[in-house]
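Here the structure is laid out as structure tokens; the discussion comes afterwards.
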Amino acid sequence: MKFAFKYFEELLASIAISIVVISAFYGVISRYILNNPVAWSNEVATIAFTWTVFLGAAAAWKNNKHIHLDLVYNFFPNKIKIISDWLKNIILIVFIAFALYLSIQFTITAYNKPTAILRIPFSYVDVPVVIFFLSIILRSIQKIIK
């Protein structure tokens, strides 16, 4: 369980990218080798790619791999860096909490709108945004506690 929480974003992103590859591969095989194209493979790949992008971005945030300007930051003493990081995370949590609220509202609204081919609720496409914001908040709280 500890492993799953520690690598939550990476695990889900890995599953999602695997679905993208398998779905796209199946779409190519069915179209060009079997001469029987399937329309759903593109939609599945697109939805899974959305999951991959947002979960990958959450993993990047967790591992401090996002692009950031540290030219001035590196000249600060450690005490100032700690305060700066703490403030950054607090401000980020406030803004992301608002974005999380809006994304939940959007996802709930999208539940009644079906996707074009699979006819599944469009909220399955929007859920990774909610997970992304939740992950950013949780990982920022972890950074503050450390």
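Ligands are numbered from 1 in the order shown, chains are lettered A, B, ... in the order of the structure tokens, and residues start at 1 in each chain.
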At a cut-off of 12 Å, using only C-alpha atoms, what residues contact Ala24 of chain A? Leave out same-chain residues fewer than 2 positions from it and give the result as a compact mmCIF listing (two decimals) with C-alpha atoms, in the first residue's frame.
# COMPACT_ATOMS: atom_id res chain seq x y z
CA ILE A 17 0.51 5.08 -21.74
CA SER A 18 0.33 1.30 -22.16
CA ILE A 19 -3.31 1.65 -23.14
CA VAL A 20 -2.37 4.37 -25.65
CA VAL A 21 0.25 2.15 -27.28
CA ILE A 22 -1.92 -0.99 -27.34
CA TYR A 26 -4.55 -2.39 -32.55
CA GLY A 27 -6.03 0.43 -34.64
CA VAL A 28 -3.15 0.26 -37.12
CA ILE A 29 -3.28 -3.55 -37.34
CA SER A 30 -7.04 -3.61 -37.81
CA ARG A 31 -6.94 -0.89 -40.46
CA PRO A 37 -10.80 -0.47 -39.14
CA VAL A 38 -12.18 0.07 -35.66
CA ALA A 39 -13.19 3.59 -34.75
CA TRP A 40 -13.02 3.13 -30.99
CA SER A 41 -9.24 2.58 -30.86
CA ASN A 42 -8.53 6.25 -31.61
CA GLU A 43 -10.95 7.43 -28.95
CA VAL A 44 -9.51 5.05 -26.35
CA ALA A 45 -5.98 6.21 -27.22
CA THR A 46 -7.03 9.86 -26.94
CA ILE A 47 -8.67 9.37 -23.54
CA ALA A 48 -5.71 7.36 -22.25
CA PHE A 49 -3.32 10.02 -23.56
Q: From segment 8-139 of chain A, collect each residue whose DSSP state is alpha helix (DSSP H) and return the set as an MDAnalysis selection string.
A: chainID A and resid 8:28 40:62 78:110 123:139
Keeping only C-alpha atoms, write the selected residues as a compact mmCIF listing (two decimals), in the first residue's frame.
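Saved file again.txt follows:
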# COMPACT_ATOMS: atom_id res chain seq x y z
CA PHE A 8 0.52 6.50 -7.50
CA GLU A 9 0.97 8.99 -10.35
CA GLU A 10 3.68 6.96 -12.05
CA LEU A 11 1.69 3.71 -11.83
CA LEU A 12 -1.47 5.20 -13.33
CA ALA A 13 0.49 7.09 -16.00
CA SER A 14 2.29 3.86 -16.95
CA ILE A 15 -1.01 2.02 -17.29
CA ALA A 16 -2.45 4.89 -19.34
CA ILE A 17 0.51 5.08 -21.74
CA SER A 18 0.33 1.30 -22.16
CA ILE A 19 -3.31 1.65 -23.14
CA VAL A 20 -2.37 4.37 -25.65
CA VAL A 21 0.25 2.15 -27.28
CA ILE A 22 -1.92 -0.99 -27.34
CA SER A 23 -4.97 0.86 -28.64
CA ALA A 24 -3.05 2.69 -31.35
CA PHE A 25 -1.25 -0.51 -32.34
CA TYR A 26 -4.55 -2.39 -32.55
CA GLY A 27 -6.03 0.43 -34.64
CA VAL A 28 -3.15 0.26 -37.12
CA TRP A 40 -13.02 3.13 -30.99
CA SER A 41 -9.24 2.58 -30.86
CA ASN A 42 -8.53 6.25 -31.61
CA GLU A 43 -10.95 7.43 -28.95
CA VAL A 44 -9.51 5.05 -26.35
CA ALA A 45 -5.98 6.21 -27.22
CA THR A 46 -7.03 9.86 -26.94
CA ILE A 47 -8.67 9.37 -23.54
CA ALA A 48 -5.71 7.36 -22.25
CA PHE A 49 -3.32 10.02 -23.56
CA THR A 50 -5.21 12.66 -21.57
CA TRP A 51 -4.71 10.53 -18.46
CA THR A 52 -1.02 10.11 -19.30
CA VAL A 53 -0.44 13.85 -19.67
CA PHE A 54 -2.08 14.92 -16.42
CA LEU A 55 -0.72 12.05 -14.34
CA GLY A 56 2.73 12.60 -15.81
CA ALA A 57 2.53 16.28 -14.91
CA ALA A 58 1.52 15.35 -11.36
CA ALA A 59 4.47 12.95 -11.14
CA ALA A 60 6.78 15.70 -12.41
CA TRP A 61 5.50 18.05 -9.71
CA LYS A 62 5.97 15.40 -7.04
CA ASN A 78 18.92 27.89 3.23
CA LYS A 79 16.57 29.50 5.75
CA ILE A 80 15.17 31.85 3.08
CA LYS A 81 14.85 28.90 0.66
CA ILE A 82 12.81 26.95 3.20
CA ILE A 83 10.49 29.91 3.83
CA SER A 84 10.20 30.55 0.10
CA ASP A 85 9.32 26.91 -0.60
CA TRP A 86 6.79 26.90 2.21
CA LEU A 87 5.10 30.08 0.93
CA LYS A 88 5.16 28.80 -2.65
CA ASN A 89 3.38 25.62 -1.60
CA ILE A 90 0.79 27.45 0.52
CA ILE A 91 -0.06 29.87 -2.31
CA LEU A 92 -0.15 27.01 -4.79
CA ILE A 93 -2.52 24.99 -2.60
CA VAL A 94 -4.95 27.92 -2.43
CA PHE A 95 -5.02 28.41 -6.20
CA ILE A 96 -5.10 24.69 -6.98
CA ALA A 97 -7.93 24.16 -4.47
CA PHE A 98 -10.01 26.67 -6.42
CA ALA A 99 -9.07 24.99 -9.71
CA LEU A 100 -9.95 21.62 -8.15
CA TYR A 101 -13.38 22.92 -7.20
CA LEU A 102 -13.98 24.16 -10.75
CA SER A 103 -12.70 20.94 -12.32
CA ILE A 104 -15.00 18.86 -10.11
CA GLN A 105 -17.95 20.99 -11.21
CA PHE A 106 -16.90 20.61 -14.85
CA THR A 107 -16.48 16.84 -14.50
CA ILE A 108 -19.90 16.45 -12.89
CA THR A 109 -21.47 18.49 -15.69
CA ALA A 110 -19.67 16.42 -18.34
CA SER A 123 -16.37 12.88 -17.41
CA TYR A 124 -13.96 9.93 -17.88
CA VAL A 125 -11.92 12.29 -20.04
CA ASP A 126 -12.06 15.03 -17.38
CA VAL A 127 -11.33 12.94 -14.27
CA PRO A 128 -7.54 13.05 -14.73
CA VAL A 129 -7.68 16.83 -14.31
CA VAL A 130 -9.36 16.34 -10.93
CA ILE A 131 -6.78 13.69 -9.98
CA PHE A 132 -4.00 16.05 -11.13
CA PHE A 133 -5.20 18.88 -8.90
CA LEU A 134 -5.77 16.53 -5.94
CA SER A 135 -2.29 15.11 -6.39
CA ILE A 136 -0.72 18.58 -6.52
CA ILE A 137 -2.49 19.54 -3.29
CA LEU A 138 -1.53 16.32 -1.49
CA ARG A 139 2.08 16.39 -2.66
Q: Could you tell me how far atom CA of Lys65 of chain A lies from atom CA of Lys6 of chain A, in Å and to one decimal?
A: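 Atom-to-atom, atom CA of Lys65 of chain A to atom CA of Lys6 of chain A, that is 16.0 Å.
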